[in-house]
Amino acid sequence: MLRCLLVDDSPRFLDAARGLLEGQGVAVVGVASNSADALLRAGELLPDVTLLDIDLGGESGLELARRLHGQAGRAPAPAPAPVILISTHAEQDYAELIAASPAIGFLPKTSLSADAIRGLLAAHRDGDASS
């Protein structure tokens, strides 16, 4: 079962996303609403994927994606969990920033689903295999 960490500053979204994803066979192993909690939970829980809101209230999800990626390779995590950025904003609003980030992709919150997450993970693995 795919293990996911959800990072968003909206408690309502966290609850809704957890219910949706768990109903589709994704284990939401943890949630965080700010950078400090997200870094701690990622290190403790070692999720298979992290879903990360681009706008974390007063914090930048894009900066947090870089920090999560930089925490990789240190014990106990041998490699970073892939990060998928999420937002209520359209992808084109952040296209250059998303492309420059270590995230493997982007999902609008309205398109969030287990299949969409698995699709991005599969495309990322296929891309790694062809490198």
# chains A, B, ... in the order shown; residues from 1 in each chain; ligands from 1
>>> residues_around(residues="A:Pro11", least_positions_apart="4", cutoff="10 Å", atoms="only C-alpha atoms", output="ChimeraX atom specification")
/A:15-17,31-33
>>> write_last_selection(atoms="all heavy atoms", output="short mmCIF file (atom, residue, chain, number, x, y, z; two decimals), in the first residue's frame")
data_model
loop_
_atom_site.label_atom_id
_atom_site.label_comp_id
_atom_site.auth_asym_id
_atom_site.auth_seq_id
_atom_site.Cartn_x
_atom_site.Cartn_y
_atom_site.Cartn_z
N ASP A 15 -8.39 16.89 6.22
CA ASP A 15 -9.41 15.89 6.54
C ASP A 15 -10.05 15.32 5.27
O ASP A 15 -10.22 14.11 5.13
CB ASP A 15 -10.51 16.48 7.43
CG ASP A 15 -10.04 16.73 8.86
OD1 ASP A 15 -8.98 16.19 9.26
OD2 ASP A 15 -10.74 17.48 9.57
N ALA A 16 -10.41 16.20 4.35
CA ALA A 16 -11.05 15.76 3.10
C ALA A 16 -10.11 14.90 2.26
O ALA A 16 -10.50 13.86 1.74
CB ALA A 16 -11.52 16.98 2.30
N ALA A 17 -8.86 15.34 2.13
CA ALA A 17 -7.89 14.60 1.32
C ALA A 17 -7.58 13.25 1.95
O ALA A 17 -7.49 12.24 1.25
CB ALA A 17 -6.61 15.41 1.15
N VAL A 31 0.12 13.81 8.72
CA VAL A 31 -0.22 15.12 8.18
C VAL A 31 0.62 16.17 8.89
O VAL A 31 1.06 15.97 10.02
CB VAL A 31 -1.73 15.45 8.33
CG1 VAL A 31 -2.59 14.47 7.55
CG2 VAL A 31 -2.15 15.50 9.78
N ALA A 32 0.83 17.29 8.21
CA ALA A 32 1.56 18.41 8.78
C ALA A 32 0.97 19.69 8.21
O ALA A 32 0.47 19.70 7.08
CB ALA A 32 3.05 18.31 8.45
N SER A 33 1.04 20.76 9.00
CA SER A 33 0.48 22.02 8.54
C SER A 33 1.52 23.12 8.40
O SER A 33 1.20 24.24 8.04
CB SER A 33 -0.64 22.48 9.48
OG SER A 33 -0.13 22.61 10.79
#
>>> residues_around(residues="A:Ala95", least_positions_apart="3", cutoff="12 Å", atoms="only C-alpha atoms", output="list in words")
Ile54, Leu62, Leu85, Ser87, His89, Ala90, Glu91, Gln92, Ile98, Ala99, Ala100, Ser101, Ala103, Gly105, Phe106 and Leu107 of chain A
>>> select_by_dssp(residues="stretch 34-106 of chain A", states="strand (DSSP E or B)", output="NGL selection string")
:A and (49-53 or 55-56 or 59-60 or 83-87 or 105-106)
>>> atom_distance(atom1="atom CA of A:Ile86", atom2="atom CA of A:Leu39")
17.2 Å
>>> select_by_dssp(residues="stretch 24-102 of chain A", states="helix (DSSP H, G or I)", output="NGL selection string")
:A and (35-45 or 61-70 or 91-93 or 95-100)
>>> closest_residue(among="A:Leu64, A:Leu21, A:Val29, A:Leu56", to="A:Arg118", atoms="only C-alpha atoms")
A:Leu21
>>> closest_residue(among="A:His69, A:Gly25, A:Leu20, A:Gly57", to="A:Ser111", atoms="only C-alpha atoms")
A:Leu20
>>> closest_residue(among="A:Leu68, A:Leu97, A:Ile84, A:Leu5", to="A:Leu120", atoms="only C-alpha atoms")
A:Ile84
>>> atom_distance(atom1="atom CA of A:Leu121", atom2="atom CA of A:Asp37")
23.7 Å
>>> atom_distance(atom1="atom CA of A:Gln24", atom2="atom CA of A:Asp115")
8.4 Å
>>> closest_residue(among="A:Val49, A:Ala27, A:Cys4, A:Ala79", to="A:Ala122", atoms="only C-alpha atoms")
A:Val49
>>> closest_residue(among="A:Ala38, A:Ala114, A:Val83, A:Leu6", to="A:Gly23", atoms="only C-alpha atoms")
A:Ala114
>>> decode(residues="stretch 85-111 of chain A", atoms="N, CA, C and O atoms", output="compact mmCIF listing (two decimals), in the first residue's frame")
# COMPACT_ATOMS: atom_id res chain seq x y z
N LEU A 85 3.65 18.47 -5.69
CA LEU A 85 3.09 19.74 -5.27
C LEU A 85 1.61 19.78 -5.59
O LEU A 85 1.17 19.26 -6.63
N ILE A 86 0.83 20.38 -4.69
CA ILE A 86 -0.61 20.52 -4.89
C ILE A 86 -0.99 21.97 -4.65
O ILE A 86 -0.28 22.70 -3.94
N SER A 87 -2.09 22.40 -5.24
CA SER A 87 -2.55 23.78 -5.05
C SER A 87 -3.97 23.95 -5.56
O SER A 87 -4.43 23.17 -6.41
N THR A 88 -4.63 24.99 -5.06
CA THR A 88 -5.92 25.38 -5.62
C THR A 88 -5.69 26.23 -6.87
O THR A 88 -6.60 26.42 -7.67
N HIS A 89 -4.48 26.76 -7.03
CA HIS A 89 -4.15 27.57 -8.20
C HIS A 89 -3.84 26.66 -9.40
O HIS A 89 -3.49 25.50 -9.24
N ALA A 90 -3.94 27.22 -10.57
CA ALA A 90 -3.65 26.48 -11.80
C ALA A 90 -2.14 26.24 -11.93
O ALA A 90 -1.34 27.07 -11.49
N GLU A 91 -1.79 25.12 -12.55
CA GLU A 91 -0.38 24.77 -12.72
C GLU A 91 0.39 25.86 -13.44
O GLU A 91 1.53 26.17 -13.08
N GLN A 92 -0.23 26.48 -14.46
CA GLN A 92 0.49 27.50 -15.23
C GLN A 92 0.86 28.71 -14.38
O GLN A 92 1.80 29.43 -14.69
N ASP A 93 0.15 28.93 -13.26
CA ASP A 93 0.50 30.04 -12.37
C ASP A 93 1.89 29.86 -11.75
O ASP A 93 2.52 30.83 -11.35
N TYR A 94 2.32 28.61 -11.64
CA TYR A 94 3.59 28.29 -10.98
C TYR A 94 4.52 27.44 -11.86
O TYR A 94 5.49 26.89 -11.36
N ALA A 95 4.24 27.34 -13.14
CA ALA A 95 4.93 26.39 -14.01
C ALA A 95 6.45 26.46 -13.90
O ALA A 95 7.11 25.43 -13.74
N GLU A 96 7.02 27.66 -13.98
CA GLU A 96 8.49 27.77 -13.92
C GLU A 96 9.02 27.37 -12.56
O GLU A 96 10.06 26.71 -12.46
N LEU A 97 8.33 27.76 -11.49
CA LEU A 97 8.77 27.42 -10.14
C LEU A 97 8.67 25.91 -9.89
O LEU A 97 9.54 25.32 -9.26
N ILE A 98 7.61 25.30 -10.40
CA ILE A 98 7.44 23.84 -10.26
C ILE A 98 8.57 23.13 -11.00
O ILE A 98 9.19 22.21 -10.48
N ALA A 99 8.84 23.57 -12.23
CA ALA A 99 9.88 22.94 -13.04
C ALA A 99 11.25 23.06 -12.38
O ALA A 99 12.08 22.16 -12.48
N ALA A 100 11.49 24.17 -11.67
CA ALA A 100 12.79 24.39 -11.03
C ALA A 100 12.90 23.68 -9.68
O ALA A 100 13.98 23.60 -9.11
N SER A 101 11.80 23.16 -9.17
CA SER A 101 11.80 22.52 -7.85
C SER A 101 12.19 21.04 -7.99
O SER A 101 12.15 20.48 -9.08
N PRO A 102 12.53 20.41 -6.87
CA PRO A 102 12.83 18.97 -6.91
C PRO A 102 11.57 18.09 -6.94
O PRO A 102 11.68 16.88 -6.96
N ALA A 103 10.39 18.71 -6.96
CA ALA A 103 9.14 17.94 -7.00
C ALA A 103 9.05 17.16 -8.31
O ALA A 103 9.55 17.59 -9.35
N ILE A 104 8.39 16.00 -8.25
CA ILE A 104 8.24 15.17 -9.45
C ILE A 104 7.03 15.57 -10.28
O ILE A 104 6.87 15.09 -11.40
N GLY A 105 6.20 16.45 -9.74
CA GLY A 105 5.04 16.87 -10.50
C GLY A 105 4.09 17.74 -9.69
O GLY A 105 4.40 18.12 -8.56
N PHE A 106 2.95 18.02 -10.29
CA PHE A 106 1.95 18.91 -9.71
C PHE A 106 0.57 18.32 -9.94
O PHE A 106 0.30 17.77 -11.00
N LEU A 107 -0.29 18.47 -8.93
CA LEU A 107 -1.70 18.10 -9.07
C LEU A 107 -2.56 19.23 -8.53
O LEU A 107 -2.34 19.69 -7.41
N PRO A 108 -3.54 19.68 -9.32
CA PRO A 108 -4.52 20.60 -8.75
C PRO A 108 -5.29 19.85 -7.66
O PRO A 108 -5.55 18.66 -7.79
N LYS A 109 -5.65 20.56 -6.60
CA LYS A 109 -6.38 19.89 -5.52
C LYS A 109 -7.68 19.25 -6.01
O LYS A 109 -8.09 18.22 -5.50
N THR A 110 -8.28 19.86 -7.03
CA THR A 110 -9.54 19.32 -7.56
C THR A 110 -9.33 18.01 -8.32
O THR A 110 -10.28 17.29 -8.58
N SER A 111 -8.10 17.70 -8.70
CA SER A 111 -7.79 16.46 -9.43
C SER A 111 -7.11 15.42 -8.57
O SER A 111 -6.64 14.40 -9.08
